[in-house]
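Below is one structure, written out as structure tokens; comments come after it.
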Amino acid sequence: ETGVTQTPRHLVMGMTNKKSLKCEQHLGHNAMYWYKQSAKKPLELMFVYSLEERVENNSVPSRFSPECPNSSHLFLHLHTLQPEDSALYLCASSPTLTAIANYGYTFGSGTRLTVV
Amino acid sequence: AQSVTQLDSQVPVFEEAPVELRCNYSSSVSVYLFWYVQYPNQGLQLLLKYLSGSTLVESINGFEAEFNKSQTSFHLRKPSVHISDTAEYFCAVSERNTPLVFGKGTRLSVIA
């Protein structure tokens with residue numbers, strides 16, 4: 001385990017379904033991130049949370065809805081997705097939003113999402 | 001805004017041969033540079049980083065990267081690769097502690 005746990009590891013959902021991805025970290029970090037990893041494309045930063053407040057939303061469609069109830073947990077709620085949303089969704093954390101230089105990020109193993 | 005270009009999407013190399021994975025970045029300010037590695041079915045793991053000081057940085061498993069400011073590059077090298085180095089490698093940049101921006105990744109395949 002890397003310290004950041006993502007569940008489920010795999011998810012297949014229809015376009016009309018509603019599902020949620022979960023991320024949990026026990027590292028005492030205060031910043032958490034959602035990235036989307038698609039084949040042959042750079043990792044796309046989706047959302048950034050610092051101390052449970054959303055500080056960045058990179059023009060992500062509203063069918064993706066993040067939630068950060070506390071500094072240890074991060075969710076990504078999904079509804080009415082499209083096939084092009086199929087990807088690996090990665091959660092990451094860092095001690096603080098500004099401690100990237102010294103520590104980088106700690107990533108989870110990701111959730112492989114397939115939209116059918 | 002910063003950006004990262006990894007010129008090679010796939011690099012096949014024979015075991016015990018040297019390898020270089022190329023990374024160029026674009027930024028108008030000082031940056032921090034990172035290399036991450038992703039093994040199959042896993043998340044990304046930090047391999048090495050450049051913050052300041054010596055332009056040559058090393059990892060514990062034999063990789064090294066050299067920061068070249070004039071060429072805006074941060075290429076990753078290893079003098080002799082092993083089968084276990086087969087993975088995808090991502091270069092990333094951060095401007096003054098902004099969220100990391102990643103390249104598309106380079107898939108390194110080590111052939112026995």
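How things are named: the first chain in the structure tokens is A, the next is B, and so on; residues count from 1 in each chain; ligands count from 1 in the order shown.
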Do you know which residues are at most 12 Å from region 3-8 of chain A counting only C-alpha atoms, after dropping those on the same chain fewer than 6 positions away, and could you put them as a PDB file with N, CA, C and O atoms, in the first residue's frame?
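Printed below is around-v9.pdb as written:
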ATOM      1  N   LYS A  19     -22.485   6.556  -9.778  1.00  0.00           N
ATOM      2  CA  LYS A  19     -21.519   5.833  -8.955  1.00  0.00           C
ATOM      3  C   LYS A  19     -20.575   6.832  -8.312  1.00  0.00           C
ATOM      4  O   LYS A  19     -20.516   8.002  -8.697  1.00  0.00           O
ATOM      5  N   SER A  20     -19.788   6.340  -7.345  1.00  0.00           N
ATOM      6  CA  SER A  20     -18.806   7.196  -6.690  1.00  0.00           C
ATOM      7  C   SER A  20     -17.472   6.489  -6.568  1.00  0.00           C
ATOM      8  O   SER A  20     -17.420   5.282  -6.301  1.00  0.00           O
ATOM      9  N   LEU A  21     -16.405   7.233  -6.758  1.00  0.00           N
ATOM     10  CA  LEU A  21     -15.054   6.758  -6.513  1.00  0.00           C
ATOM     11  C   LEU A  21     -14.608   7.302  -5.162  1.00  0.00           C
ATOM     12  O   LEU A  21     -14.887   8.446  -4.825  1.00  0.00           O
ATOM     13  N   LYS A  22     -13.862   6.460  -4.440  1.00  0.00           N
ATOM     14  CA  LYS A  22     -13.421   6.859  -3.105  1.00  0.00           C
ATOM     15  C   LYS A  22     -11.903   6.859  -3.025  1.00  0.00           C
ATOM     16  O   LYS A  22     -11.237   5.978  -3.577  1.00  0.00           O
ATOM     17  N   CYS A  23     -11.371   7.836  -2.313  1.00  0.00           N
ATOM     18  CA  CYS A  23      -9.940   7.936  -2.066  1.00  0.00           C
ATOM     19  C   CYS A  23      -9.736   8.213  -0.583  1.00  0.00           C
ATOM     20  O   CYS A  23     -10.425   9.076  -0.005  1.00  0.00           O
ATOM     21  N   GLU A  24      -8.799   7.512   0.008  1.00  0.00           N
ATOM     22  CA  GLU A  24      -8.534   7.671   1.434  1.00  0.00           C
ATOM     23  C   GLU A  24      -7.032   7.706   1.669  1.00  0.00           C
ATOM     24  O   GLU A  24      -6.296   6.891   1.113  1.00  0.00           O
ATOM     25  N   GLN A  25      -6.578   8.659   2.478  1.00  0.00           N
ATOM     26  CA  GLN A  25      -5.145   8.713   2.804  1.00  0.00           C
ATOM     27  C   GLN A  25      -4.982   8.855   4.317  1.00  0.00           C
ATOM     28  O   GLN A  25      -5.720   9.582   4.965  1.00  0.00           O
ATOM     29  N   HIS A  26      -3.977   8.126   4.814  1.00  0.00           N
ATOM     30  CA  HIS A  26      -3.680   8.150   6.248  1.00  0.00           C
ATOM     31  C   HIS A  26      -2.279   8.694   6.475  1.00  0.00           C
ATOM     32  O   HIS A  26      -1.551   8.225   7.350  1.00  0.00           O
ATOM     33  N   LEU A  27      -1.901   9.661   5.654  1.00  0.00           N
ATOM     34  CA  LEU A  27      -0.565  10.235   5.719  1.00  0.00           C
ATOM     35  C   LEU A  27      -0.541  11.564   6.457  1.00  0.00           C
ATOM     36  O   LEU A  27       0.518  12.176   6.580  1.00  0.00           O
ATOM     37  N   GLY A  28      -1.720  12.032   6.853  1.00  0.00           N
ATOM     38  CA  GLY A  28      -1.783  13.338   7.504  1.00  0.00           C
ATOM     39  C   GLY A  28      -1.643  14.496   6.547  1.00  0.00           C
ATOM     40  O   GLY A  28      -1.336  15.617   6.954  1.00  0.00           O
ATOM     41  N   HIS A  29      -1.849  14.224   5.264  1.00  0.00           N
ATOM     42  CA  HIS A  29      -1.735  15.276   4.255  1.00  0.00           C
ATOM     43  C   HIS A  29      -2.974  16.164   4.240  1.00  0.00           C
ATOM     44  O   HIS A  29      -4.080  15.721   4.572  1.00  0.00           O
ATOM     45  N   MET A  32      -5.365  17.236  -1.518  1.00  0.00           N
ATOM     46  CA  MET A  32      -5.715  16.043  -2.282  1.00  0.00           C
ATOM     47  C   MET A  32      -6.133  16.438  -3.697  1.00  0.00           C
ATOM     48  O   MET A  32      -6.634  17.548  -3.915  1.00  0.00           O
ATOM     49  N   TYR A  33      -5.917  15.519  -4.620  1.00  0.00           N
ATOM     50  CA  TYR A  33      -6.083  15.825  -6.041  1.00  0.00           C
ATOM     51  C   TYR A  33      -6.774  14.671  -6.761  1.00  0.00           C
ATOM     52  O   TYR A  33      -6.575  13.505  -6.417  1.00  0.00           O
ATOM     53  N   TRP A  34      -7.537  14.998  -7.787  1.00  0.00           N
ATOM     54  CA  TRP A  34      -8.035  14.011  -8.743  1.00  0.00           C
ATOM     55  C   TRP A  34      -7.389  14.285 -10.098  1.00  0.00           C
ATOM     56  O   TRP A  34      -7.420  15.416 -10.589  1.00  0.00           O
ATOM     57  N   SER A  72      -8.902  13.488   5.062  1.00  0.00           N
ATOM     58  CA  SER A  72      -8.448  12.125   4.778  1.00  0.00           C
ATOM     59  C   SER A  72      -9.224  11.463   3.648  1.00  0.00           C
ATOM     60  O   SER A  72      -8.787  10.426   3.145  1.00  0.00           O
ATOM     61  N   HIS A  73     -10.340  12.020   3.264  1.00  0.00           N
ATOM     62  CA  HIS A  73     -11.207  11.374   2.291  1.00  0.00           C
ATOM     63  C   HIS A  73     -11.563  12.307   1.148  1.00  0.00           C
ATOM     64  O   HIS A  73     -11.820  13.497   1.343  1.00  0.00           O
ATOM     65  N   LEU A  74     -11.597  11.718  -0.030  1.00  0.00           N
ATOM     66  CA  LEU A  74     -11.961  12.457  -1.236  1.00  0.00           C
ATOM     67  C   LEU A  74     -12.823  11.540  -2.096  1.00  0.00           C
ATOM     68  O   LEU A  74     -12.488  10.371  -2.270  1.00  0.00           O
ATOM     69  N   PHE A  75     -13.925  12.076  -2.596  1.00  0.00           N
ATOM     70  CA  PHE A  75     -14.826  11.303  -3.437  1.00  0.00           C
ATOM     71  C   PHE A  75     -14.950  11.980  -4.800  1.00  0.00           C
ATOM     72  O   PHE A  75     -14.776  13.194  -4.935  1.00  0.00           O
ATOM     73  N   LEU A  76     -15.283  11.162  -5.782  1.00  0.00           N
ATOM     74  CA  LEU A  76     -15.642  11.686  -7.097  1.00  0.00           C
ATOM     75  C   LEU A  76     -16.964  11.033  -7.486  1.00  0.00           C
ATOM     76  O   LEU A  76     -17.014   9.830  -7.744  1.00  0.00           O
ATOM     77  N   LEU A  88      -8.387   5.854 -16.416  1.00  0.00           N
ATOM     78  CA  LEU A  88      -7.904   5.550 -15.068  1.00  0.00           C
ATOM     79  C   LEU A  88      -7.967   6.845 -14.270  1.00  0.00           C
ATOM     80  O   LEU A  88      -7.396   7.855 -14.686  1.00  0.00           O
ATOM     81  N   TYR A  89      -8.675   6.827 -13.156  1.00  0.00           N
ATOM     82  CA  TYR A  89      -8.800   8.012 -12.317  1.00  0.00           C
ATOM     83  C   TYR A  89      -7.888   7.838 -11.115  1.00  0.00           C
ATOM     84  O   TYR A  89      -8.020   6.890 -10.334  1.00  0.00           O
ATOM     85  N   LEU A  90      -6.967   8.770 -10.984  1.00  0.00           N
ATOM     86  CA  LEU A  90      -5.949   8.705  -9.952  1.00  0.00           C
ATOM     87  C   LEU A  90      -6.183   9.774  -8.898  1.00  0.00           C
ATOM     88  O   LEU A  90      -6.462  10.927  -9.216  1.00  0.00           O
ATOM     89  N   CYS A  91      -6.043   9.363  -7.666  1.00  0.00           N
ATOM     90  CA  CYS A  91      -6.099  10.274  -6.533  1.00  0.00           C
ATOM     91  C   CYS A  91      -4.668  10.463  -6.022  1.00  0.00           C
ATOM     92  O   CYS A  91      -3.864   9.520  -6.058  1.00  0.00           O
ATOM     93  N   ALA A  92      -4.349  11.645  -5.576  1.00  0.00           N
ATOM     94  CA  ALA A  92      -3.029  11.916  -5.025  1.00  0.00           C
ATOM     95  C   ALA A  92      -3.169  12.846  -3.834  1.00  0.00           C
ATOM     96  O   ALA A  92      -4.186  13.534  -3.676  1.00  0.00           O
ATOM     97  N   SER A  93      -2.136  12.860  -2.990  1.00  0.00           N
ATOM     98  CA  SER A  93      -2.130  13.780  -1.858  1.00  0.00           C
ATOM     99  C   SER A  93      -0.728  14.346  -1.677  1.00  0.00           C
ATOM    100  O   SER A  93       0.266  13.771  -2.160  1.00  0.00           O
ATOM    101  N   SER A  94      -0.658  15.486  -0.988  1.00  0.00           N
ATOM    102  CA  SER A  94       0.620  16.081  -0.613  1.00  0.00           C
ATOM    103  C   SER A  94       0.453  16.722   0.755  1.00  0.00           C
ATOM    104  O   SER A  94      -0.668  17.052   1.146  1.00  0.00           O
ATOM    105  N   TYR A 105       3.962  14.239  -4.879  1.00  0.00           N
ATOM    106  CA  TYR A 105       2.663  13.677  -4.549  1.00  0.00           C
ATOM    107  C   TYR A 105       2.815  12.207  -4.180  1.00  0.00           C
ATOM    108  O   TYR A 105       3.715  11.525  -4.665  1.00  0.00           O
ATOM    109  N   THR A 106       1.873  11.717  -3.376  1.00  0.00           N
ATOM    110  CA  THR A 106       1.707  10.287  -3.172  1.00  0.00           C
ATOM    111  C   THR A 106       0.431   9.887  -3.896  1.00  0.00           C
ATOM    112  O   THR A 106      -0.631  10.457  -3.629  1.00  0.00           O
ATOM    113  N   PHE A 107       0.543   8.941  -4.810  1.00  0.00           N
ATOM    114  CA  PHE A 107      -0.602   8.525  -5.626  1.00  0.00           C
ATOM    115  C   PHE A 107      -1.207   7.231  -5.114  1.00  0.00           C
ATOM    116  O   PHE A 107      -0.511   6.366  -4.572  1.00  0.00           O
ATOM    117  N   GLY A 108      -2.512   7.098  -5.336  1.00  0.00           N
ATOM    118  CA  GLY A 108      -3.168   5.814  -5.186  1.00  0.00           C
ATOM    119  C   GLY A 108      -2.982   4.983  -6.449  1.00  0.00           C
ATOM    120  O   GLY A 108      -2.395   5.445  -7.434  1.00  0.00           O
ATOM    121  N   SER A 109      -3.504   3.757  -6.416  1.00  0.00           N
ATOM    122  CA  SER A 109      -3.355   2.848  -7.557  1.00  0.00           C
ATOM    123  C   SER A 109      -4.369   3.126  -8.660  1.00  0.00           C
ATOM    124  O   SER A 109      -4.269   2.564  -9.747  1.00  0.00           O
ATOM    125  N   GLY A 110      -5.358   3.942  -8.343  1.00  0.00           N
ATOM    126  CA  GLY A 110      -6.314   4.339  -9.369  1.00  0.00           C
ATOM    127  C   GLY A 110      -7.550   3.466  -9.436  1.00  0.00           C
ATOM    128  O   GLY A 110      -7.573   2.335  -8.934  1.00  0.00           O
ATOM    129  N   THR A 111      -8.582   4.003 -10.056  1.00  0.00           N
ATOM    130  CA  THR A 111      -9.800   3.265 -10.387  1.00  0.00           C
ATOM    131  C   THR A 111      -9.913   3.234 -11.901  1.00  0.00           C
ATOM    132  O   THR A 111      -9.946   4.289 -12.547  1.00  0.00           O
ATOM    133  N   ARG A 112      -9.953   2.037 -12.469  1.00  0.00           N
ATOM    134  CA  ARG A 112     -10.123   1.880 -13.920  1.00  0.00           C
ATOM    135  C   ARG A 112     -11.616   1.924 -14.219  1.00  0.00           C
ATOM    136  O   ARG A 112     -12.344   1.012 -13.858  1.00  0.00           O
ATOM    137  N   LEU A 113     -12.056   3.002 -14.848  1.00  0.00           N
ATOM    138  CA  LEU A 113     -13.474   3.206 -15.133  1.00  0.00           C
ATOM    139  C   LEU A 113     -13.770   2.916 -16.596  1.00  0.00           C
ATOM    140  O   LEU A 113     -13.075   3.431 -17.483  1.00  0.00           O
TER     141      LEU A 113
ATOM    142  N   GLN B  42      -0.636  -0.071 -11.207  1.00  0.00           N
ATOM    143  CA  GLN B  42      -0.285   0.680 -10.009  1.00  0.00           C
ATOM    144  C   GLN B  42      -0.387   2.180 -10.266  1.00  0.00           C
ATOM    145  O   GLN B  42      -0.486   2.623 -11.413  1.00  0.00           O
ATOM    146  N   GLY B  43      -0.349   2.953  -9.189  1.00  0.00           N
ATOM    147  CA  GLY B  43      -0.299   4.400  -9.327  1.00  0.00           C
ATOM    148  C   GLY B  43       1.108   4.874  -9.629  1.00  0.00           C
ATOM    149  O   GLY B  43       2.027   4.073  -9.815  1.00  0.00           O
ATOM    150  N   LEU B  44       1.292   6.171  -9.673  1.00  0.00           N
ATOM    151  CA  LEU B  44       2.600   6.739  -9.971  1.00  0.00           C
ATOM    152  C   LEU B  44       3.440   6.810  -8.703  1.00  0.00           C
ATOM    153  O   LEU B  44       2.940   7.148  -7.627  1.00  0.00           O
ATOM    154  N   GLN B  45       4.736   6.530  -8.842  1.00  0.00           N
ATOM    155  CA  GLN B  45       5.666   6.614  -7.714  1.00  0.00           C
ATOM    156  C   GLN B  45       6.768   7.603  -8.059  1.00  0.00           C
ATOM    157  O   GLN B  45       7.268   7.591  -9.185  1.00  0.00           O
TER     158      GLN B  45
END
Based on only C-alpha atoms, which of the residues in chain B come within 12 Å of chain A? I want them as a VMD selection string. chain B and resid 3 to 10 30 to 52 88 to 107
Neighbour list for Ser50 (chain A) as a count of residues only, cut-off 6 Å, only C-alpha atoms, skip fewer than 3 positions in-chain: 3
Can you list every residue in chain B that DSSP puts in strand (DSSP E or B), as a PyMOL selection string? chain B and resi 3-5+10-14+19-21+24-26+31-38+44-50+56-58+64-68+73-78+87-95+101-102+106-111
Point-to-point distance in Å for CA of Val115 (chain A) and CA of Ser86 (chain A): 5.5 Å
Pick the closest to Pro61 (chain A) from A:His10, A:Thr16, A:His79, A:Ala87: which is it, counting only C-alpha atoms? A:His79
